[in-house]
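Undergrad: Sharing query_15.cif (mmCIF, C-alpha atoms and all ligand atoms) below.
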```
data_coords
#
loop_
_atom_site.label_atom_id
_atom_site.label_comp_id
_atom_site.auth_asym_id
_atom_site.auth_seq_id
_atom_site.Cartn_x
_atom_site.Cartn_y
_atom_site.Cartn_z
CA MET A 1 -2.60 -20.27 28.03
CA ALA A 2 0.66 -19.03 29.55
CA ARG A 3 3.61 -18.80 27.27
CA SER A 4 6.64 -20.79 28.25
CA ALA A 5 10.08 -19.30 27.69
CA SER A 6 10.67 -21.80 24.90
CA GLU A 7 7.66 -20.48 23.00
CA THR A 8 8.87 -16.93 22.79
CA ALA A 9 12.65 -17.22 22.72
CA SER A 10 14.20 -16.46 19.37
CA LEU A 11 16.08 -19.52 18.23
CA ALA A 12 19.52 -19.51 16.68
CA PRO A 13 19.63 -20.25 12.93
CA GLU A 14 21.68 -23.43 13.48
CA ILE A 15 18.97 -24.78 15.80
CA LEU A 16 16.21 -23.96 13.29
CA ALA A 17 18.26 -25.62 10.55
CA LYS A 18 18.20 -28.94 12.42
CA TYR A 19 14.48 -29.28 11.76
CA GLU A 20 12.30 -29.55 8.70
CA PRO A 21 8.80 -28.01 8.75
CA VAL A 22 5.99 -30.10 7.25
CA ILE A 23 2.95 -28.08 6.17
CA GLY A 24 -0.32 -28.92 4.49
CA LEU A 25 -3.01 -26.36 3.65
CA GLU A 26 -6.78 -26.69 3.64
CA VAL A 27 -8.31 -23.97 1.52
CA HIS A 28 -12.00 -23.16 1.31
CA VAL A 29 -13.02 -21.40 -1.87
CA GLN A 30 -16.48 -19.92 -2.31
CA LEU A 31 -17.82 -20.90 -5.73
CA LEU A 32 -19.15 -18.06 -7.88
CA THR A 33 -22.68 -19.33 -8.37
CA LYS A 34 -25.66 -16.96 -8.35
CA THR A 35 -27.59 -19.20 -5.96
CA LYS A 36 -26.80 -21.44 -3.01
CA ILE A 37 -25.77 -25.08 -3.30
CA PHE A 38 -29.06 -26.70 -2.18
CA CYS A 39 -31.70 -23.98 -2.68
CA GLY A 40 -32.49 -21.01 -4.92
CA CYS A 41 -31.48 -18.25 -2.47
CA SER A 42 -29.05 -15.62 -3.72
CA THR A 43 -25.37 -15.79 -2.72
CA ARG A 44 -24.88 -12.01 -3.17
CA PHE A 45 -22.46 -10.53 -0.65
CA GLY A 46 -23.43 -7.52 1.42
CA ASP A 47 -27.22 -7.84 1.38
CA PRO A 48 -29.03 -6.99 4.66
CA PRO A 49 -28.71 -9.85 7.19
CA ASN A 50 -31.16 -12.74 6.91
CA THR A 51 -32.77 -11.57 3.65
CA ASN A 52 -31.40 -14.37 1.43
CA VAL A 53 -32.87 -17.29 3.32
CA CYS A 54 -35.57 -19.92 2.82
CA PRO A 55 -36.83 -23.03 4.68
CA VAL A 56 -34.14 -25.20 3.02
CA CYS A 57 -31.08 -23.16 4.01
CA LEU A 58 -32.61 -22.43 7.43
CA GLY A 59 -32.86 -26.18 7.94
CA LEU A 60 -36.57 -26.23 8.75
CA PRO A 61 -38.06 -29.71 9.26
CA GLY A 62 -39.48 -31.39 6.20
CA THR A 63 -37.42 -29.49 3.63
CA LEU A 64 -35.24 -31.24 1.06
CA PRO A 65 -32.01 -30.08 -0.57
CA VAL A 66 -31.71 -29.93 -4.38
CA LEU A 67 -28.15 -29.92 -5.74
CA ASN A 68 -27.09 -26.88 -7.81
CA LYS A 69 -25.59 -28.28 -11.02
CA ARG A 70 -23.57 -25.13 -11.60
CA ALA A 71 -21.78 -25.62 -8.26
CA VAL A 72 -20.71 -29.12 -9.33
CA GLU A 73 -19.53 -27.75 -12.67
CA MET A 74 -17.48 -25.02 -10.98
CA ALA A 75 -15.91 -27.51 -8.59
CA MET A 76 -15.09 -29.69 -11.63
CA ARG A 77 -13.41 -26.71 -13.31
CA ALA A 78 -11.29 -26.14 -10.20
CA SER A 79 -10.48 -29.87 -9.93
CA LEU A 80 -9.39 -30.20 -13.54
CA ALA A 81 -7.33 -26.99 -13.40
CA LEU A 82 -5.55 -28.52 -10.38
CA ASN A 83 -4.84 -31.74 -12.31
CA CYS A 84 -7.19 -33.81 -10.13
CA LYS A 85 -9.09 -36.90 -11.20
CA VAL A 86 -12.80 -36.08 -11.18
CA HIS A 87 -14.61 -39.23 -10.08
CA GLU A 88 -17.57 -40.61 -11.94
CA ARG A 89 -19.33 -41.18 -8.62
CA SER A 90 -19.03 -39.09 -5.50
CA ARG A 91 -21.36 -38.72 -2.56
CA PHE A 92 -22.50 -36.17 -0.03
CA ALA A 93 -22.27 -36.95 3.67
CA ARG A 94 -23.59 -35.42 6.87
CA LYS A 95 -21.03 -33.95 9.22
CA ASN A 96 -22.83 -33.71 12.53
CA TYR A 97 -22.03 -31.05 15.10
CA PHE A 98 -23.90 -28.46 17.08
CA TYR A 99 -23.22 -24.78 16.61
CA PRO A 100 -25.56 -21.76 16.34
CA ASP A 101 -24.41 -20.99 12.80
CA LEU A 102 -25.48 -24.44 11.63
CA PRO A 103 -29.30 -24.55 11.81
CA LYS A 104 -29.70 -28.18 10.68
CA GLY A 105 -27.28 -29.49 13.31
CA TYR A 106 -25.18 -30.95 10.51
CA GLN A 107 -23.27 -29.70 7.49
CA ILE A 108 -23.71 -31.37 4.11
CA SER A 109 -20.20 -32.10 2.92
CA GLN A 110 -18.36 -34.91 1.12
CA TYR A 111 -16.38 -37.44 3.09
CA GLU A 112 -15.30 -40.88 1.93
CA LEU A 113 -16.17 -40.27 -1.74
CA PRO A 114 -15.05 -36.74 -2.66
CA LEU A 115 -15.64 -35.19 -6.08
CA ALA A 116 -11.95 -35.24 -7.07
CA THR A 117 -8.59 -36.54 -5.80
CA GLY A 118 -4.92 -36.85 -6.71
CA GLY A 119 -3.97 -33.50 -8.29
CA TRP A 120 -1.04 -31.15 -8.05
CA LEU A 121 0.01 -27.55 -8.34
CA ASP A 122 3.47 -26.29 -9.37
CA ILE A 123 4.86 -23.35 -7.43
CA GLU A 124 7.95 -21.19 -7.94
CA VAL A 125 10.12 -20.40 -4.93
CA GLY A 126 13.61 -18.95 -5.14
CA GLY A 127 13.80 -19.53 -8.88
CA ALA A 128 12.99 -23.25 -8.62
CA THR A 129 9.76 -25.05 -9.46
CA LYS A 130 8.25 -27.38 -6.90
CA ARG A 131 5.22 -29.64 -7.22
CA ILE A 132 2.73 -29.67 -4.33
CA GLY A 133 0.31 -32.59 -4.29
CA ILE A 134 -3.44 -32.02 -3.92
CA THR A 135 -5.08 -34.77 -1.92
CA ARG A 136 -8.70 -33.96 -2.64
CA LEU A 137 -11.26 -31.38 -3.66
CA HIS A 138 -14.74 -31.77 -2.28
CA LEU A 139 -17.98 -29.82 -2.28
CA GLU A 140 -19.76 -28.62 0.83
CA GLU A 141 -22.14 -25.96 2.09
CA ASP A 142 -20.97 -22.99 4.11
CA ALA A 143 -22.31 -22.23 7.58
CA ALA A 144 -23.94 -18.93 8.63
CA LYS A 145 -21.95 -16.08 10.08
CA ASN A 146 -21.81 -15.12 13.76
CA LEU A 147 -21.68 -11.37 14.23
CA HIS A 148 -20.16 -10.26 17.52
CA GLU A 149 -20.05 -6.50 16.98
CA GLY A 150 -22.14 -3.59 15.77
CA PHE A 151 -25.57 -4.34 17.26
CA SER A 152 -27.44 -2.87 20.23
CA GLN A 153 -26.94 -5.90 22.48
CA SER A 154 -23.63 -7.09 21.07
CA ALA A 155 -22.04 -6.91 24.52
CA SER A 156 -24.23 -9.68 25.84
CA LYS A 157 -25.54 -11.47 22.73
CA ALA A 158 -24.23 -12.94 19.49
CA TYR A 159 -26.13 -12.19 16.29
CA ILE A 160 -26.37 -14.58 13.37
CA ASP A 161 -26.63 -13.77 9.65
CA TYR A 162 -27.95 -16.81 7.80
CA ASN A 163 -27.38 -15.30 4.34
CA ARG A 164 -24.10 -17.21 4.00
CA CYS A 165 -25.65 -20.50 5.10
CA GLY A 166 -25.68 -22.90 2.14
CA THR A 167 -23.21 -20.99 -0.02
CA PRO A 168 -21.28 -23.51 -2.14
CA LEU A 169 -17.67 -24.14 -1.16
CA ALA A 170 -14.89 -26.22 -2.63
CA GLU A 171 -12.48 -27.46 0.02
CA ILE A 172 -9.04 -28.06 -1.45
CA VAL A 173 -6.69 -30.13 0.70
CA SER A 174 -2.99 -30.24 -0.12
CA GLU A 175 -0.55 -33.04 0.64
CA PRO A 176 1.91 -32.20 3.45
CA ASP A 177 4.47 -31.28 0.79
CA ILE A 178 5.05 -27.66 1.84
CA ARG A 179 8.35 -27.05 3.67
CA SER A 180 8.41 -23.33 4.52
CA SER A 181 6.18 -20.31 5.01
CA GLU A 182 7.43 -18.97 1.64
CA GLU A 183 6.25 -22.15 -0.09
CA ALA A 184 2.88 -21.86 1.66
CA TYR A 185 2.57 -18.27 0.44
CA ALA A 186 3.52 -19.28 -3.11
CA TYR A 187 1.03 -22.17 -3.05
CA LEU A 188 -1.85 -19.97 -1.92
CA THR A 189 -0.90 -17.32 -4.48
CA ALA A 190 -0.82 -19.86 -7.33
CA LEU A 191 -4.07 -21.44 -6.17
CA ARG A 192 -5.78 -18.06 -5.98
CA GLN A 193 -4.59 -17.17 -9.48
CA ILE A 194 -5.98 -20.42 -10.92
CA MET A 195 -9.36 -19.85 -9.25
CA LEU A 196 -9.48 -16.36 -10.80
CA TYR A 197 -8.41 -17.52 -14.28
CA THR A 198 -11.00 -20.29 -14.32
CA GLY A 199 -13.72 -17.95 -13.00
CA VAL A 200 -14.51 -20.42 -10.23
CA SER A 201 -14.31 -17.85 -7.42
CA ASP A 202 -13.54 -14.20 -6.81
CA VAL A 203 -11.25 -15.47 -3.96
CA ASN A 204 -11.78 -12.30 -1.98
CA MET A 205 -10.24 -12.88 1.45
CA GLU A 206 -11.91 -9.83 2.98
CA GLU A 207 -15.35 -11.10 2.01
CA GLY A 208 -14.46 -14.61 3.15
CA SER A 209 -14.54 -16.26 -0.27
CA LEU A 210 -11.01 -17.62 0.28
CA ARG A 211 -10.20 -19.09 3.70
CA CYS A 212 -7.16 -21.04 4.71
CA ASP A 213 -6.23 -23.37 7.59
CA ALA A 214 -2.76 -24.86 7.97
CA ASN A 215 -1.52 -28.14 9.44
CA VAL A 216 2.00 -27.71 10.76
CA SER A 217 4.57 -30.02 12.29
CA VAL A 218 8.35 -30.22 12.39
CA ARG A 219 10.73 -33.17 12.33
CA PRO A 220 14.51 -33.61 12.52
CA ARG A 221 15.98 -33.07 9.07
CA GLY A 222 16.45 -36.43 7.33
CA SER A 223 13.63 -38.13 9.24
CA ASP A 224 10.70 -39.50 7.26
CA LYS A 225 8.32 -39.68 10.22
CA PHE A 226 5.84 -36.91 10.86
CA GLY A 227 5.98 -34.88 14.08
CA THR A 228 2.94 -33.91 16.17
CA LYS A 229 0.59 -31.89 14.02
CA VAL A 230 -1.09 -28.64 15.00
CA GLU A 231 -3.90 -27.04 13.02
CA VAL A 232 -3.77 -23.24 12.76
CA LYS A 233 -6.98 -21.39 11.92
CA ASN A 234 -7.97 -17.78 11.35
CA LEU A 235 -5.41 -17.11 8.64
CA ASN A 236 -7.43 -14.51 6.80
CA SER A 237 -4.67 -12.86 4.82
CA PHE A 238 -1.60 -14.02 2.93
CA ARG A 239 0.59 -12.13 5.38
CA PHE A 240 -1.08 -13.70 8.43
CA LEU A 241 -0.56 -17.15 6.92
CA GLN A 242 3.14 -16.55 6.53
CA LYS A 243 3.57 -15.00 9.98
CA ALA A 244 1.52 -17.66 11.75
CA LEU A 245 3.54 -20.43 10.10
CA GLU A 246 6.84 -18.81 11.02
CA TYR A 247 5.68 -18.41 14.60
CA GLU A 248 4.35 -21.94 14.84
CA ILE A 249 7.47 -23.56 13.31
CA GLU A 250 9.68 -21.74 15.78
CA ARG A 251 7.36 -22.63 18.68
CA HIS A 252 7.49 -26.34 17.80
CA ILE A 253 11.28 -26.33 17.56
CA GLY A 254 11.54 -24.42 20.83
CA VAL A 255 9.36 -26.96 22.66
CA LEU A 256 11.30 -29.93 21.24
CA GLU A 257 14.70 -28.37 21.92
CA SER A 258 13.78 -27.74 25.55
CA GLY A 259 12.83 -31.38 25.93
CA GLY A 260 9.08 -30.76 25.92
CA ARG A 261 6.30 -32.52 24.03
CA LEU A 262 3.82 -31.03 21.60
CA THR A 263 0.15 -31.83 21.81
CA GLN A 264 -2.10 -32.30 18.82
CA GLU A 265 -4.44 -29.32 18.95
CA THR A 266 -6.13 -26.51 17.06
CA ARG A 267 -4.71 -23.02 17.50
CA LEU A 268 -5.84 -19.58 16.41
CA TRP A 269 -3.63 -16.85 15.00
CA HIS A 270 -3.89 -13.62 16.96
CA GLN A 271 -2.62 -10.91 14.68
CA ALA A 272 -2.61 -8.17 17.34
CA GLU A 273 -0.45 -10.28 19.65
CA GLY A 274 1.61 -11.80 16.85
CA ARG A 275 1.20 -15.35 18.14
CA THR A 276 -0.99 -18.42 18.04
CA VAL A 277 -3.11 -19.47 21.01
CA GLY A 278 -4.53 -22.89 21.84
CA MET A 279 -8.21 -23.31 20.98
CA ARG A 280 -9.06 -26.95 21.56
CA SER A 281 -7.15 -30.13 22.09
CA LYS A 282 -7.35 -32.79 19.40
CA GLU A 283 -7.11 -35.48 22.06
CA LYS A 284 -10.84 -35.03 22.34
CA ALA A 285 -11.26 -34.84 18.59
CA HIS A 286 -14.74 -34.17 17.32
CA ASP A 287 -16.68 -37.20 16.45
CA TYR A 288 -18.63 -35.88 13.50
CA ARG A 289 -20.50 -39.17 13.04
CA TYR A 290 -20.34 -38.86 9.25
CA PHE A 291 -22.88 -40.86 7.29
CA PRO A 292 -24.10 -40.71 3.68
CA GLU A 293 -26.61 -37.90 3.12
CA PRO A 294 -29.95 -39.69 2.66
CA ASP A 295 -31.71 -36.71 1.05
CA LEU A 296 -29.38 -36.48 -1.97
CA LEU A 297 -28.56 -38.96 -4.71
CA PRO A 298 -24.89 -39.74 -5.33
CA VAL A 299 -23.28 -37.29 -7.76
CA HIS A 300 -22.75 -38.79 -11.19
CA VAL A 301 -20.28 -37.13 -13.56
CA SER A 302 -20.32 -38.68 -17.03
CA SER A 303 -17.09 -38.69 -19.02
CA ALA A 304 -18.87 -36.55 -21.65
CA TRP A 305 -19.71 -33.87 -19.06
CA ARG A 306 -16.23 -33.99 -17.57
CA GLU A 307 -14.59 -33.57 -20.99
CA GLU A 308 -16.97 -30.75 -21.88
CA VAL A 309 -15.88 -28.91 -18.73
CA ARG A 310 -12.21 -29.66 -19.48
CA ARG A 311 -12.58 -28.19 -23.00
CA SER A 312 -14.11 -25.02 -21.56
CA LEU A 313 -11.09 -24.32 -19.34
CA PRO A 314 -9.05 -21.29 -20.34
CA GLU A 315 -5.29 -21.38 -20.77
CA LEU A 316 -3.90 -21.51 -17.21
CA PRO A 317 -1.32 -19.04 -15.82
CA GLU A 318 1.67 -21.39 -16.00
CA ALA A 319 1.01 -22.37 -19.62
CA LYS A 320 0.43 -18.74 -20.52
CA ARG A 321 3.75 -17.67 -18.97
CA SER A 322 5.69 -20.31 -20.93
CA ARG A 323 3.94 -19.36 -24.16
CA PHE A 324 4.57 -15.62 -23.64
CA VAL A 325 8.29 -16.25 -23.07
CA ALA A 326 8.55 -18.54 -26.11
CA SER A 327 6.41 -16.48 -28.50
CA TYR A 328 7.06 -12.87 -27.57
CA GLY A 329 10.71 -12.85 -26.50
CA ILE A 330 9.98 -11.53 -23.02
CA THR A 331 11.71 -12.66 -19.82
CA PRO A 332 10.13 -15.07 -17.30
CA TYR A 333 9.90 -12.08 -14.93
CA ASP A 334 7.99 -10.02 -17.55
CA ALA A 335 5.70 -13.00 -18.11
CA GLU A 336 5.01 -13.33 -14.41
CA VAL A 337 4.04 -9.66 -14.09
CA LEU A 338 1.94 -9.68 -17.26
CA THR A 339 -0.01 -12.82 -16.35
CA ALA A 340 -0.84 -11.66 -12.82
CA SER A 341 -4.43 -11.47 -14.00
CA LYS A 342 -6.14 -12.79 -17.09
CA ALA A 343 -7.27 -9.27 -18.02
CA LEU A 344 -3.68 -8.01 -17.93
CA ALA A 345 -2.44 -10.95 -20.01
CA ASP A 346 -5.24 -10.38 -22.55
CA TYR A 347 -4.34 -6.69 -22.77
CA PHE A 348 -0.66 -7.49 -23.39
CA GLU A 349 -1.58 -9.95 -26.13
CA SER A 350 -3.84 -7.38 -27.78
CA VAL A 351 -1.00 -4.86 -27.79
CA VAL A 352 1.30 -7.39 -29.44
CA LYS A 353 -1.36 -8.57 -31.88
CA SER A 354 -1.95 -4.95 -32.87
CA GLY A 355 1.63 -4.88 -34.15
CA ALA A 356 3.86 -3.84 -31.23
CA PRO A 357 7.07 -5.82 -30.64
CA GLY A 358 6.68 -8.08 -27.59
CA LYS A 359 9.60 -6.91 -25.48
CA ALA A 360 8.88 -3.21 -26.08
CA ALA A 361 5.20 -3.72 -25.30
CA ALA A 362 6.11 -5.54 -22.09
CA ASN A 363 8.45 -2.71 -21.05
CA TRP A 364 5.92 0.02 -21.75
CA MET A 365 3.21 -1.80 -19.91
CA GLN A 366 5.32 -2.52 -16.83
CA THR A 367 6.90 0.90 -16.53
CA GLU A 368 4.49 3.50 -17.88
CA LEU A 369 1.06 1.93 -18.06
CA LEU A 370 0.96 -0.10 -14.85
CA ARG A 371 2.58 2.67 -12.83
CA ARG A 372 0.03 5.23 -14.05
CA LEU A 373 -2.89 2.86 -13.51
CA ASN A 374 -1.58 2.10 -10.05
CA ASP A 375 -1.22 5.82 -9.27
CA SER A 376 -4.80 6.47 -10.32
CA GLY A 377 -6.13 3.36 -8.56
CA LYS A 378 -7.40 1.77 -11.78
CA GLU A 379 -7.42 -1.84 -12.94
CA ILE A 380 -6.29 -2.75 -16.43
CA ASP A 381 -9.88 -3.06 -17.73
CA ALA A 382 -10.42 0.60 -16.81
CA SER A 383 -7.30 1.74 -18.68
CA PRO A 384 -7.95 5.02 -20.55
CA VAL A 385 -5.38 3.86 -23.13
CA SER A 386 -6.70 1.06 -25.31
CA ALA A 387 -4.41 -1.82 -26.27
CA LYS A 388 -4.58 -0.61 -29.87
CA SER A 389 -3.48 2.91 -28.94
CA LEU A 390 -0.61 1.61 -26.84
CA ALA A 391 0.43 -0.63 -29.75
CA GLU A 392 0.48 2.39 -32.11
CA LEU A 393 2.55 4.35 -29.63
CA VAL A 394 5.02 1.54 -28.97
CA THR A 395 5.36 0.84 -32.69
CA LEU A 396 5.90 4.53 -33.42
CA VAL A 397 8.50 4.95 -30.70
CA GLU A 398 10.30 1.79 -31.74
CA SER A 399 10.47 2.91 -35.36
CA GLU A 400 11.72 6.44 -34.55
CA GLN A 401 15.15 7.55 -33.45
CA PRO A 402 14.83 8.53 -29.84
CA CYS A 403 15.85 12.07 -28.95
CA SER A 404 18.62 11.64 -26.46
CA SER A 405 17.81 13.93 -23.63
CA PRO A 406 19.41 13.55 -20.24
CA ALA A 407 16.24 14.92 -18.68
CA ALA A 408 14.17 12.09 -20.13
CA PRO A 409 15.48 8.74 -18.95
CA PRO A 410 14.33 5.62 -20.77
CA PRO A 411 11.79 4.22 -21.36
CA ILE A 412 10.11 7.58 -21.97
CA LEU A 413 11.48 8.05 -25.46
CA LEU A 414 10.37 11.14 -27.28
CA PRO A 415 9.07 10.47 -30.77
CA ARG A 416 9.63 13.12 -33.43
CA LYS A 417 5.99 13.09 -34.38
CA ALA A 418 4.55 14.33 -31.15
CA SER A 419 1.13 14.61 -32.76
CA ALA A 420 0.99 10.85 -33.20
CA LEU A 421 1.72 10.32 -29.55
CA LYS A 422 -0.92 12.87 -28.57
CA SER A 423 -3.56 11.09 -30.55
CA ALA A 424 -2.50 7.75 -29.15
CA ILE A 425 -2.83 8.77 -25.51
CA PRO A 426 -5.72 10.69 -24.04
CA PRO A 427 -4.75 13.94 -22.26
CA SER A 428 -5.30 12.51 -18.79
CA SER A 429 -2.74 9.78 -19.28
CA ARG A 430 -0.05 11.49 -21.36
CA PRO A 431 3.49 10.95 -20.12
CA HIS A 432 4.86 14.15 -18.63
CA ALA A 433 7.88 13.88 -20.91
CA MET A 434 5.60 15.58 -23.46
ZN ZN A 501 -32.33 -20.89 0.85
#
```
Take the structure in this file and express it as structure tokens.
Ligand SMILES: [Zn+2]
TA:
Amino acid sequence: MARSASETASLAPEILAKYEPVIGLEVHVQLLTKTKIFCGCSTRFGDPPNTNVCPVCLGLPGTLPVLNKRAVEMAMRASLALNCKVHERSRFARKNYFYPDLPKGYQISQYELPLATGGWLDIEVGGATKRIGITRLHLEEDAAKNLHEGFSQSASKAYIDYNRCGTPLAEIVSEPDIRSSEEAYAYLTALRQIMLYTGVSDVNMEEGSLRCDANVSVRPRGSDKFGTKVEVKNLNSFRFLQKALEYEIERHIGVLESGGRLTQETRLWHQAEGRTVGMRSKEKAHDYRYFPEPDLLPVHVSSAWREEVRRSLPELPEAKRSRFVASYGITPYDAEVLTASKALADYFESVVKSGAPGKAAANWMQTELLRRLNDSGKEIDASPVSAKSLAELVTLVESEQPCSSPAAPPPILLPRKASALKSAIPPSSRPHAM
């Protein structure tokens, strides 16, 4: 599709400011089950193509799906962590379309009765908290994967790996409450963190276990009507999401300002070209001919089961940050860094519980420990310094008078008892101020 001048021209800030972007995100999260959603095949990533398949996930005639209870439980964990109402009754539906990666000719998804609805997620942007509504979370099966490169006849043929077919997914649909690419980035970051904390998914974008599509429109500031919506796909990194949204917002405003009209369509983000391109028009929207899946019973979630899952949820990142600030005297910034992952937050708490003062522990971790781990490419669970050792060191340093040496800027304070520091830190990770 040829680019019009209005699509590429850089618009003046006062023109951009006349419009308000309206964004909603649809996020697919692969659930961390050992087996697929309707059969016993493994969901392991990276196995040789077409080795984790059976008649059920290949859609052979006469086979019947059996629902994986663990997948429902994981989706419930995600729903509850996102403040959704998990419904007592939900139902699977057939979404009919033809594509080579879909051997049955339909995808088993949920449609008019999803597992959960009506949640929210709080995000932080520019120092302010904003609540983004979550419309629904439903369960569905993934399709297979088309491979277009790396095989002898790739130039003329497409290859299909059915290993991914039938992998359980939770689709999380947000309300159109997002107003900028920064908010979209913050939403996806917060969502990813919650999925990791709850153990629902490894949300690895490179392996496809977190995928995101965006619905974008713009409207004159102050208007409460929605503009023409465009769906942007292929946003397989946080950076692509942000760039694609920025491009698309500017494109919409450019078209409207030049007196043009937008069409409802699906577009793809082309990273190499730094722009979106039209994929298919929504005027001929797919008719998926949804109907209730006759081979599966409706899903019944008893209140006892739901509450059992709710009780098993860990403390979530936001609650942990507030508690760290209130209990350990650290700043909201410290708390944000130290709760980036659950393992990091657990390590920090162990340091404090082993007797180190909160603020000093936070400083040592952020400056010395995380920098050294980062330099050596290690995660916190591979730290050569145990939480207990770091606590001893921090406590020792805090209780000693620091030697004031201009060559040793804080926070590398030199304790008088160097032997204690030596025993606290293994040789490989000793600060060079020694
Ligand atoms: Zn199978």
Undergrad: Check every protein, DNA and RNA residue against ligand ZN 501 (chain A), keep those with an atom at most 8 Å away (counting only C-alpha atoms and all ligand atoms), and present them as a PyMOL selection string.
TA: chain A and resi 36+38-42+52-58+165-166
Undergrad: Based on the selection just made, write C-alpha atoms of those residues as a tab-separated table (two decimals), in the coordinates of the input.
TA:
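Okay, selection-v3.tsv is ready:
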```tsv
chain	number	residue	atom	x	y	z
A	36	LYS	CA	-26.80	-21.44	-3.01
A	38	PHE	CA	-29.06	-26.70	-2.18
A	39	CYS	CA	-31.70	-23.98	-2.68
A	40	GLY	CA	-32.49	-21.01	-4.92
A	41	CYS	CA	-31.48	-18.25	-2.47
A	42	SER	CA	-29.05	-15.62	-3.72
A	52	ASN	CA	-31.40	-14.37	1.43
A	53	VAL	CA	-32.87	-17.29	3.32
A	54	CYS	CA	-35.57	-19.92	2.82
A	55	PRO	CA	-36.83	-23.03	4.68
A	56	VAL	CA	-34.14	-25.20	3.02
A	57	CYS	CA	-31.08	-23.16	4.01
A	58	LEU	CA	-32.61	-22.43	7.43
A	165	CYS	CA	-25.65	-20.50	5.10
A	166	GLY	CA	-25.68	-22.90	2.14
```
Undergrad: Residues near Ala335 of chain A, anyone? I mean within 10 Å using all atoms listed in the file, not counting same-chain ones fewer than 2 positions away, as JSON, numbers by chain.
TA: {"A": [317, 318, 320, 321, 322, 323, 324, 325, 328, 329, 330, 331, 332, 333, 337, 338, 339, 340, 345, 348, 362]}
Undergrad: Store the residues picked out above, limited to C-alpha atoms, as an mmCIF file, in the frame of the given file.
TA:
```cif
data_model
loop_
_atom_site.group_PDB
_atom_site.id
_atom_site.type_symbol
_atom_site.label_atom_id
_atom_site.label_comp_id
_atom_site.auth_asym_id
_atom_site.auth_seq_id
_atom_site.Cartn_x
_atom_site.Cartn_y
_atom_site.Cartn_z
ATOM 1 C CA PRO A 317 -1.320 -19.040 -15.820
ATOM 2 C CA GLU A 318 1.670 -21.390 -16.000
ATOM 3 C CA LYS A 320 0.430 -18.740 -20.520
ATOM 4 C CA ARG A 321 3.750 -17.670 -18.970
ATOM 5 C CA SER A 322 5.690 -20.310 -20.930
ATOM 6 C CA ARG A 323 3.940 -19.360 -24.160
ATOM 7 C CA PHE A 324 4.570 -15.620 -23.640
ATOM 8 C CA VAL A 325 8.290 -16.250 -23.070
ATOM 9 C CA TYR A 328 7.060 -12.870 -27.570
ATOM 10 C CA GLY A 329 10.710 -12.850 -26.500
ATOM 11 C CA ILE A 330 9.980 -11.530 -23.020
ATOM 12 C CA THR A 331 11.710 -12.660 -19.820
ATOM 13 C CA PRO A 332 10.130 -15.070 -17.300
ATOM 14 C CA TYR A 333 9.900 -12.080 -14.930
ATOM 15 C CA VAL A 337 4.040 -9.660 -14.090
ATOM 16 C CA LEU A 338 1.940 -9.680 -17.260
ATOM 17 C CA THR A 339 -0.010 -12.820 -16.350
ATOM 18 C CA ALA A 340 -0.840 -11.660 -12.820
ATOM 19 C CA ALA A 345 -2.440 -10.950 -20.010
ATOM 20 C CA PHE A 348 -0.660 -7.490 -23.390
ATOM 21 C CA ALA A 362 6.110 -5.540 -22.090
#
```
Undergrad: Compare A:Ala361, A:Val299, A:Ala186, A:Ala12 by their minimum atom-to-atom distance to Ser90 of chain A, counting only C-alpha atoms, and give me the closest one.
TA: A:Val299
Undergrad: What gap, in Å, lies between atom CA of Arg44 of chain A and atom CA of Asn163 of chain A?
TA: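 Between these atoms lies a distance of 8.6 Å.
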Undergrad: Counting all atoms listed in the file, which of A:Glu73, A:Asp224, A:Glu182, A:Asp161 gets nearest to Val301 of chain A?
TA: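 Closest to Val301 of chain A of all the choices is A:Glu73.
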Undergrad: Got a sec: who's within 12 Å of Thr43 of chain A, counting only C-alpha atoms, leaving out chain neighbours fewer than 5 positions off, as number ranges by chain?
TA: A: 30-38, 50-53, 57, 71, 141-142, 144, 162-169, 209
Undergrad: From the set A:Thr395, A:Thr198, A:Gln153, A:Thr135, which residue has the shortest atom-to-atom contact distance to Val173 of chain A, counting all atoms listed in the file?
TA: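 For Val173 of chain A, the nearest of the candidates is A:Thr135.
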Undergrad: Which residue gives the smallest distance to Ser180 of chain A among A:Leu147, A:Met365, A:Val218, A:Ile108, with all atoms listed in the file counted?
TA: A:Val218
Undergrad: Near Lys229 of chain A, within 10 Å and counting only C-alpha atoms, which residues show up once chain neighbours fewer than 4 positions away are dropped, as a ChimeraX atom specification?
TA: /A:22-23,214-218,252,262-266,282
Undergrad: Excluding Leu139 of chain A and residues on its chain fewer than 4 positions from it, collect all residues at most 8 Å away from it, counting all atoms listed in the file, and give them as number ranges by chain.
TA: A: 72, 75, 109-110, 114-115, 168-171
Undergrad: Hey, can you spit out that residue selection with C-alpha atoms as a PDB file, in the frame of the given file?
TA:
```pdb
ATOM      1  CA  VAL A  72     -20.710 -29.120  -9.330  1.00  0.00           C
ATOM      2  CA  ALA A  75     -15.910 -27.510  -8.590  1.00  0.00           C
ATOM      3  CA  SER A 109     -20.200 -32.100   2.920  1.00  0.00           C
ATOM      4  CA  GLN A 110     -18.360 -34.910   1.120  1.00  0.00           C
ATOM      5  CA  PRO A 114     -15.050 -36.740  -2.660  1.00  0.00           C
ATOM      6  CA  LEU A 115     -15.640 -35.190  -6.080  1.00  0.00           C
ATOM      7  CA  PRO A 168     -21.280 -23.510  -2.140  1.00  0.00           C
ATOM      8  CA  LEU A 169     -17.670 -24.140  -1.160  1.00  0.00           C
ATOM      9  CA  ALA A 170     -14.890 -26.220  -2.630  1.00  0.00           C
ATOM     10  CA  GLU A 171     -12.480 -27.460   0.020  1.00  0.00           C
TER      11      GLU A 171
END
```
